[in-house]
Amino acid sequence: MEAAVADSVAVLGAVTDRDWTGVRAGRLEWNCRETAAHVASDLIAYAGQLAGRAQNAYVPFEITLDGTDDGLDPADNPGLLHVITTTGALLAAAVRTTPRSVRAFHPYPFRHANREGFAAMGIAEVLLHTHDMTEGLGVSYEPPAELCEFVLTRIFPRVKPGPAPWPTLLWATGRAELEGREPVSGWRWCNNPVLRSERLGLEGVTPAVAASLALAGDGGFTWAGGAPADGTRVGAGIGVTQYEEGAYHPEWGMYVLVRREDDRAVGAMGFHGAPVDGRVEIGYDLVVEARGNGYATEALRTLSAWALAQDAVHTVVAVVEETNVASQKVVTRAGFTEVSRHENQITYELRA
């Protein structure tokens with residue numbers, strides 16, 4: 001967050017002597033001054049959401065930049081950049097001090113976001129609107145690739161990676177063309193989904209988390225037993241491949257199972273892909289240290305019930321090895337019924 005703001009302020013600081021009010025910000029309807037005010041407003045709003053732990057709506061406040069209420073002269077262009085620096089620092093502080101598991105209200109698309117989501121949204125506001133302003137002012141601007149990749153892998157999970165992160169982000173937000181892809185006319189970013197059961201949080205995996213888990217990382221979680229099970233890493237690798245192919249659907253991907261009492265990850269569960277002809281297949285594993293506590297059954301009931309509540313699904317399928325008696329007990333306790341046996345595998349189904 002701080003790097004994005006510093007880069008933006010450095011570029012825009014070179015043209016503070018220009019009339020920002022009289023220059024339209026790229027393709028936006030706002031002028032450059034209005035756009036700068038919008039950035040500052042969003043950054044402080046996101047900080048407020050996290051700091052206030054807002055759950056059902058935005059915290060009801062707004063920022064005033066021009067000093068009208070107390071008779072002061074309107075903020076000049078350097079003053080606007082100072083406000084952006086300040087609000088960016090406040091959002092960065094809120095992100096640093098907010099616990100990993102906290103989620104606060106944001107409408108798109110699941111009505112909540114975690115600290116990484118708010119950081120990605122804040123960075124996106126800064127990068128994209130700096131682009132808008134510099135386009136209007138005739139100034140060259142290209143932010144660091146790692147900032148663009150941070151945004152894409154957290155809140156644009158459905159966007160297939162392009163030749164470079166910055167052109168891809170501009171294309172994904174309708175600001176530029178990208179060879180081989182249709183122009184974007186409407187877009188929204190996508191924070192990861194989270195479901196809750198009695199004892200667990202089922203946290204949808206972003207492409208960034210999937211990449212970490214697939215490459216022997218922890219995905220940002222503290223794992224019971226110290227590390228995820230091998231099946232979790234395999235599932236994460238599948239998610240990475242789907243993202244690279246532009247076929248990643250966050251709600252139909254992998255969920256990390258987090259024990260709410262101590263915020264420790266105990267396993268993973270997820271779908272093998274989006275529904276096909278009303279059917280979706282589910283798989284799961286737990287770390288050894290967490291087995292025998294009913295976590296898998298609890299999570300399977302929760303995720304299956306969510307899937308069957310969607311219009312696109314009428315059947316959830318689970319395939320279990322004949323030798324895996326423990327997993328067979330999990331699916332039957334969750335309400336699944338055996339429908340077939342083939343090549344040492346048992347297929348179970350749960351219907352709406």
# chains A, B, ... in the order shown; residues from 1 in each chain; ligands from 1
>>> residues_around(residues="Ala164 in chain A", least_positions_apart="2", cutoff="10 Å", atoms="only C-alpha atoms", output="short mmCIF file (atom, residue, chain, number, x, y, z; two decimals) with all heavy atoms, in the first residue's frame")
data_model
loop_
_atom_site.label_atom_id
_atom_site.label_comp_id
_atom_site.auth_asym_id
_atom_site.auth_seq_id
_atom_site.Cartn_x
_atom_site.Cartn_y
_atom_site.Cartn_z
N ALA A 145 5.58 -3.99 -11.42
CA ALA A 145 4.83 -5.18 -11.82
C ALA A 145 4.32 -5.95 -10.61
O ALA A 145 3.22 -6.51 -10.64
CB ALA A 145 5.70 -6.07 -12.70
N CYS A 148 0.97 -4.73 -9.37
CA CYS A 148 -0.12 -5.14 -10.26
C CYS A 148 -0.45 -6.62 -10.05
O CYS A 148 -1.62 -7.01 -10.02
CB CYS A 148 0.25 -4.89 -11.71
SG CYS A 148 0.78 -3.21 -12.06
N GLU A 149 0.59 -7.44 -9.90
CA GLU A 149 0.38 -8.87 -9.68
C GLU A 149 -0.31 -9.12 -8.34
O GLU A 149 -1.15 -10.01 -8.22
CB GLU A 149 1.70 -9.61 -9.74
CG GLU A 149 1.54 -11.12 -9.68
CD GLU A 149 2.84 -11.85 -9.91
OE1 GLU A 149 3.90 -11.20 -10.01
OE2 GLU A 149 2.79 -13.09 -9.98
N PRO A 161 -3.86 -14.70 -16.52
CA PRO A 161 -2.64 -13.88 -16.60
C PRO A 161 -2.28 -13.56 -18.05
O PRO A 161 -2.43 -14.40 -18.93
CB PRO A 161 -1.58 -14.77 -15.95
CG PRO A 161 -2.34 -15.68 -15.05
CD PRO A 161 -3.64 -15.94 -15.75
N GLY A 162 -1.82 -12.33 -18.25
CA GLY A 162 -1.43 -11.91 -19.59
C GLY A 162 0.08 -11.85 -19.72
O GLY A 162 0.82 -12.36 -18.88
N TRP A 166 0.77 -5.28 -15.64
CA TRP A 166 0.16 -3.96 -15.79
C TRP A 166 -0.79 -3.89 -16.99
O TRP A 166 -1.94 -3.46 -16.83
CB TRP A 166 1.23 -2.90 -15.86
CG TRP A 166 0.76 -1.48 -16.03
CD1 TRP A 166 1.21 -0.57 -16.94
CD2 TRP A 166 -0.21 -0.76 -15.24
NE1 TRP A 166 0.58 0.65 -16.78
CE2 TRP A 166 -0.30 0.56 -15.74
CE3 TRP A 166 -1.02 -1.11 -14.16
CZ2 TRP A 166 -1.16 1.52 -15.21
CZ3 TRP A 166 -1.89 -0.15 -13.63
CH2 TRP A 166 -1.95 1.14 -14.15
N PRO A 167 -0.40 -4.30 -18.19
CA PRO A 167 -1.36 -4.30 -19.29
C PRO A 167 -2.57 -5.18 -19.02
O PRO A 167 -3.69 -4.87 -19.44
CB PRO A 167 -0.54 -4.83 -20.47
CG PRO A 167 0.87 -4.58 -20.12
CD PRO A 167 0.95 -4.72 -18.62
N THR A 168 -2.36 -6.29 -18.30
CA THR A 168 -3.48 -7.17 -17.98
C THR A 168 -4.46 -6.49 -17.05
O THR A 168 -5.69 -6.59 -17.22
CB THR A 168 -2.96 -8.47 -17.34
OG1 THR A 168 -2.03 -9.10 -18.22
CG2 THR A 168 -4.11 -9.44 -17.07
N LEU A 169 -3.95 -5.78 -16.04
CA LEU A 169 -4.82 -5.07 -15.12
C LEU A 169 -5.58 -3.95 -15.83
O LEU A 169 -6.78 -3.74 -15.58
CB LEU A 169 -4.00 -4.51 -13.96
CG LEU A 169 -4.78 -3.77 -12.86
CD1 LEU A 169 -5.85 -4.65 -12.24
CD2 LEU A 169 -3.82 -3.25 -11.78
#
>>> residues_around(residues="Ile84 in chain A", least_positions_apart="3", cutoff="7 Å", atoms="only C-alpha atoms", output="list of chain:residue names")
A:Val39, A:Ala40, A:Leu80, A:Leu81, A:Thr87, A:Gly88
>>> select_by_dssp(residues="range 94-306 of chain A", states="strand (DSSP E or B)", output="PyMOL selection string")
chain A and resi 104+113+194-196+200-204+222-223+254-259+264-271+276+279-286
>>> closest_residue(among="A:Cys190, A:Glu321, A:Arg24, A:Glu62", to="Gly138 in chain A", atoms="only C-alpha atoms")
A:Arg24
>>> residues_around(residues="range 172-181 of chain A", least_positions_apart="5", cutoff="10 Å", atoms="only C-alpha atoms", output="ChimeraX atom specification")
/A:26-28,124,128,131-132,152,156,158-160,162-163,166-167,186-189
>>> atom_distance(atom1="CA of Val11 in chain A", atom2="CA of Asp76 in chain A")
16.4 Å
>>> closest_residue(among="A:Gly267, A:Gly204, A:Pro250, A:Gly13", to="Pro228 in chain A", atoms="only C-alpha atoms")
A:Gly267
>>> closest_residue(among="A:Asp7, A:Asp230, A:Glu349, A:Glu34", to="Ala334 in chain A", atoms="only C-alpha atoms")
A:Glu349
>>> residues_around(residues="Thr130 in chain A", least_positions_apart="4", cutoff="8 Å", atoms="only C-alpha atoms", output="ChimeraX atom specification")
/A:8,12,126,134,141
>>> atom_distance(atom1="CA of Val288 in chain A", atom2="CA of Leu308 in chain A")
29.0 Å
>>> residues_around(residues="Pro193 in chain A", least_positions_apart="4", cutoff="7 Å", atoms="only C-alpha atoms", output="list of chain:residue names")
A:Phe110, A:Glu203, A:Gly204, A:Glu251
>>> write_last_selection(atoms="N, CA and C atoms", output="JSON list (two decimals), in the first residue's frame")
[["chain", "number", "residue", "atom", "x", "y", "z"],
["A", 110, "PHE", "N", -19.19, -11.04, -2.09],
["A", 110, "PHE", "CA", -19.75, -11.85, -1.01],
["A", 110, "PHE", "C", -20.01, -11.05, 0.25],
["A", 203, "GLU", "N", -12.40, -20.93, 4.22],
["A", 203, "GLU", "CA", -11.90, -19.73, 3.55],
["A", 203, "GLU", "C", -11.48, -20.05, 2.12],
["A", 204, "GLY", "N", -12.19, -19.45, 1.17],
["A", 204, "GLY", "CA", -11.87, -19.66, -0.23],
["A", 204, "GLY", "C", -10.45, -19.21, -0.55],
["A", 251, "GLU", "N", -15.48, -19.59, -6.06],
["A", 251, "GLU", "CA", -16.45, -20.28, -5.23],
["A", 251, "GLU", "C", -16.50, -21.78, -5.49]]
>>> residues_around(residues="Ile123 in chain A", least_positions_apart="3", cutoff="7 Å", atoms="only C-alpha atoms", output="PyMOL selection string")
chain A and resi 1+4+119-120+126-127
>>> write_last_selection(atoms="all heavy atoms", output="tab-separated table (two decimals), in the first residue's frame")
chain	number	residue	atom	x	y	z
A	1	MET	N	0.83	-1.19	0.00
A	1	MET	CA	0.00	0.00	0.00
A	1	MET	C	0.87	1.25	0.00
A	1	MET	O	0.65	2.17	-0.79
A	1	MET	CB	-0.90	-0.04	1.24
A	1	MET	CG	-1.93	1.07	1.31
A	1	MET	SD	-3.25	0.83	0.13
A	1	MET	CE	-2.87	2.12	-1.03
A	4	ALA	N	2.68	1.67	-3.34
A	4	ALA	CA	1.79	2.15	-4.41
A	4	ALA	C	1.55	3.64	-4.29
A	4	ALA	O	1.60	4.38	-5.29
A	4	ALA	CB	0.46	1.39	-4.35
A	119	ALA	N	-6.34	-4.37	1.20
A	119	ALA	CA	-5.07	-3.86	0.69
A	119	ALA	C	-5.07	-3.88	-0.83
A	119	ALA	O	-4.66	-2.91	-1.49
A	119	ALA	CB	-3.91	-4.69	1.24
A	120	ALA	N	-5.53	-5.00	-1.41
A	120	ALA	CA	-5.55	-5.11	-2.88
A	120	ALA	C	-6.49	-4.08	-3.49
A	120	ALA	O	-6.18	-3.48	-4.53
A	120	ALA	CB	-5.96	-6.53	-3.28
A	126	VAL	N	-5.37	3.18	-6.20
A	126	VAL	CA	-4.23	4.08	-6.43
A	126	VAL	C	-3.65	3.87	-7.83
A	126	VAL	O	-3.45	4.85	-8.58
A	126	VAL	CB	-3.15	3.84	-5.36
A	126	VAL	CG1	-1.88	4.63	-5.70
A	126	VAL	CG2	-3.67	4.26	-3.99
A	127	LEU	N	-3.37	2.64	-8.21
A	127	LEU	CA	-2.74	2.39	-9.51
A	127	LEU	C	-3.63	2.83	-10.66
A	127	LEU	O	-3.18	3.52	-11.59
A	127	LEU	CB	-2.42	0.90	-9.66
A	127	LEU	CG	-1.53	0.22	-8.62
A	127	LEU	CD1	-1.18	-1.20	-9.08
A	127	LEU	CD2	-0.26	1.02	-8.37
>>> select_by_dssp(residues="range 47-260 of chain A", states="alpha helix (DSSP H)", output="number ranges by chain")
A: 47-52, 77-97, 115-137, 145-155, 165-172, 207-214, 230-244
>>> residues_around(residues="Ala268 in chain A", least_positions_apart="5", cutoff="12 Å", atoms="only C-alpha atoms", output="PyMOL selection string")
chain A and resi 200-205+210+213+219+221+223+227-236+253-259+282-287+290+295-296+299-300+303
>>> write_last_selection(atoms="N, CA, C and O atoms", output="compact mmCIF listing (two decimals), in the first residue's frame")
# COMPACT_ATOMS: atom_id res chain seq x y z
N LEU A 200 -15.68 -24.12 12.40
CA LEU A 200 -14.70 -23.84 11.36
C LEU A 200 -15.08 -22.64 10.51
O LEU A 200 -16.27 -22.32 10.34
N GLY A 201 -14.07 -22.01 9.95
CA GLY A 201 -14.24 -21.09 8.85
C GLY A 201 -13.71 -21.76 7.60
O GLY A 201 -12.60 -22.29 7.60
N LEU A 202 -14.50 -21.78 6.54
CA LEU A 202 -14.07 -22.35 5.26
C LEU A 202 -13.69 -21.18 4.37
O LEU A 202 -14.57 -20.48 3.84
N GLU A 203 -12.40 -20.93 4.22
CA GLU A 203 -11.90 -19.73 3.55
C GLU A 203 -11.48 -20.05 2.12
O GLU A 203 -10.55 -20.82 1.88
N GLY A 204 -12.19 -19.45 1.17
CA GLY A 204 -11.87 -19.66 -0.23
C GLY A 204 -10.45 -19.21 -0.55
O GLY A 204 -9.97 -18.19 -0.05
N VAL A 205 -9.79 -19.97 -1.39
CA VAL A 205 -8.38 -19.75 -1.72
C VAL A 205 -8.27 -18.82 -2.93
O VAL A 205 -8.89 -19.06 -3.97
N ALA A 210 -3.16 -20.10 -3.44
CA ALA A 210 -2.94 -21.38 -4.12
C ALA A 210 -1.48 -21.52 -4.55
O ALA A 210 -0.88 -22.59 -4.39
N LEU A 213 0.70 -22.31 -1.44
CA LEU A 213 0.52 -23.68 -0.96
C LEU A 213 1.14 -24.70 -1.92
O LEU A 213 1.73 -25.70 -1.49
N GLY A 219 0.60 -20.43 2.69
CA GLY A 219 -0.59 -19.74 2.21
C GLY A 219 -1.05 -18.62 3.12
O GLY A 219 -2.16 -18.11 2.95
N PHE A 221 -1.44 -19.06 6.38
CA PHE A 221 -2.12 -19.69 7.50
C PHE A 221 -1.11 -20.28 8.48
O PHE A 221 -0.01 -20.66 8.10
N TRP A 223 -0.66 -23.60 10.44
CA TRP A 223 -1.23 -24.94 10.27
C TRP A 223 -1.05 -25.78 11.53
O TRP A 223 0.03 -25.81 12.12
N ALA A 227 2.27 -27.84 8.94
CA ALA A 227 2.24 -27.76 7.48
C ALA A 227 0.97 -28.42 6.97
O ALA A 227 0.41 -29.31 7.63
N PRO A 228 0.49 -28.02 5.79
CA PRO A 228 -0.69 -28.68 5.22
C PRO A 228 -0.37 -30.09 4.76
O PRO A 228 0.80 -30.45 4.55
N ALA A 229 -1.41 -30.89 4.59
CA ALA A 229 -1.25 -32.25 4.08
C ALA A 229 -0.93 -32.22 2.58
O ALA A 229 -1.16 -31.22 1.90
N ASP A 230 -0.39 -33.34 2.09
CA ASP A 230 0.00 -33.41 0.68
C ASP A 230 -1.17 -33.16 -0.25
O ASP A 230 -1.02 -32.53 -1.30
N GLY A 231 -2.36 -33.64 0.12
CA GLY A 231 -3.52 -33.43 -0.74
C GLY A 231 -3.87 -31.98 -0.92
O GLY A 231 -4.34 -31.57 -1.99
N THR A 232 -3.63 -31.18 0.11
CA THR A 232 -3.88 -29.74 0.02
C THR A 232 -2.94 -29.12 -1.00
O THR A 232 -3.35 -28.26 -1.80
N ARG A 233 -1.69 -29.52 -0.99
CA ARG A 233 -0.73 -28.96 -1.96
C ARG A 233 -1.09 -29.38 -3.39
O ARG A 233 -0.98 -28.58 -4.33
N VAL A 234 -1.55 -30.62 -3.55
CA VAL A 234 -1.97 -31.06 -4.88
C VAL A 234 -3.17 -30.26 -5.35
O VAL A 234 -3.22 -29.78 -6.50
N GLY A 235 -4.16 -30.09 -4.47
CA GLY A 235 -5.34 -29.31 -4.84
C GLY A 235 -5.00 -27.86 -5.16
O GLY A 235 -5.56 -27.27 -6.08
N ALA A 236 -4.05 -27.30 -4.41
CA ALA A 236 -3.62 -25.92 -4.69
C ALA A 236 -2.96 -25.84 -6.06
O ALA A 236 -3.17 -24.86 -6.81
N GLY A 253 -13.66 -23.55 -6.11
CA GLY A 253 -12.28 -23.99 -5.94
C GLY A 253 -12.07 -24.60 -4.57
O GLY A 253 -12.94 -25.25 -4.00
N MET A 254 -10.89 -24.36 -4.01
CA MET A 254 -10.51 -24.96 -2.74
C MET A 254 -10.75 -23.99 -1.59
O MET A 254 -10.61 -22.77 -1.74
N TYR A 255 -11.13 -24.57 -0.45
CA TYR A 255 -11.33 -23.82 0.78
C TYR A 255 -10.40 -24.38 1.85
O TYR A 255 -10.32 -25.60 2.03
N VAL A 256 -9.71 -23.50 2.56
CA VAL A 256 -8.92 -23.94 3.70
C VAL A 256 -9.83 -23.97 4.93
O VAL A 256 -10.60 -23.03 5.18
N LEU A 257 -9.74 -25.05 5.69
CA LEU A 257 -10.57 -25.23 6.88
C LEU A 257 -9.81 -24.67 8.08
O LEU A 257 -8.75 -25.19 8.45
N VAL A 258 -10.32 -23.61 8.67
CA VAL A 258 -9.64 -22.92 9.77
C VAL A 258 -10.44 -23.08 11.05
O VAL A 258 -11.63 -22.72 11.10
N ARG A 259 -9.81 -23.61 12.06
CA ARG A 259 -10.45 -23.77 13.37
C ARG A 259 -10.57 -22.40 14.03
O ARG A 259 -9.58 -21.73 14.29
N ILE A 282 -16.52 -33.17 -5.06
CA ILE A 282 -15.88 -32.57 -3.91
C ILE A 282 -14.78 -33.49 -3.38
O ILE A 282 -14.88 -34.72 -3.50
N GLY A 283 -13.73 -32.90 -2.84
CA GLY A 283 -12.64 -33.67 -2.23
C GLY A 283 -12.11 -32.93 -1.02
O GLY A 283 -12.38 -31.74 -0.83
N TYR A 284 -11.31 -33.62 -0.18
CA TYR A 284 -10.87 -33.00 1.07
C TYR A 284 -9.72 -33.79 1.67
O TYR A 284 -9.47 -34.95 1.31
N ASP A 285 -9.01 -33.16 2.60
CA ASP A 285 -8.08 -33.86 3.48
C ASP A 285 -7.85 -33.02 4.73
O ASP A 285 -8.14 -31.82 4.76
N LEU A 286 -7.36 -33.69 5.78
CA LEU A 286 -7.04 -33.02 7.04
C LEU A 286 -5.61 -33.34 7.41
O LEU A 286 -5.07 -34.40 7.05
N VAL A 287 -4.98 -32.43 8.14
CA VAL A 287 -3.67 -32.75 8.70
C VAL A 287 -3.86 -33.83 9.75
O VAL A 287 -4.92 -33.93 10.38
N ALA A 290 -5.27 -33.13 13.27
CA ALA A 290 -6.64 -32.66 13.45
C ALA A 290 -7.68 -33.74 13.21
O ALA A 290 -8.88 -33.49 13.35
N TYR A 295 -14.07 -32.72 12.13
CA TYR A 295 -13.95 -31.51 11.30
C TYR A 295 -14.33 -31.76 9.84
O TYR A 295 -15.00 -30.93 9.21
N ALA A 296 -13.88 -32.89 9.29
CA ALA A 296 -14.17 -33.17 7.89
C ALA A 296 -15.66 -33.32 7.65
O ALA A 296 -16.21 -32.80 6.68
N ALA A 299 -17.32 -29.83 7.89
CA ALA A 299 -17.04 -29.00 6.72
C ALA A 299 -17.75 -29.54 5.48
O ALA A 299 -18.27 -28.77 4.66
N LEU A 300 -17.81 -30.87 5.35
CA LEU A 300 -18.46 -31.47 4.18
C LEU A 300 -19.95 -31.16 4.17
O LEU A 300 -20.53 -30.86 3.12
N LEU A 303 -20.18 -27.31 3.14
CA LEU A 303 -19.88 -26.98 1.75
C LEU A 303 -20.86 -27.65 0.80
O LEU A 303 -21.27 -27.05 -0.21
>>> closest_residue(among="A:Leu50, A:Ala113, A:Ala305, A:Ala37", to="Ser197 in chain A", atoms="only C-alpha atoms")
A:Ala305
>>> atom_distance(atom1="CA of Ala211 in chain A", atom2="CA of Val266 in chain A")
18.6 Å
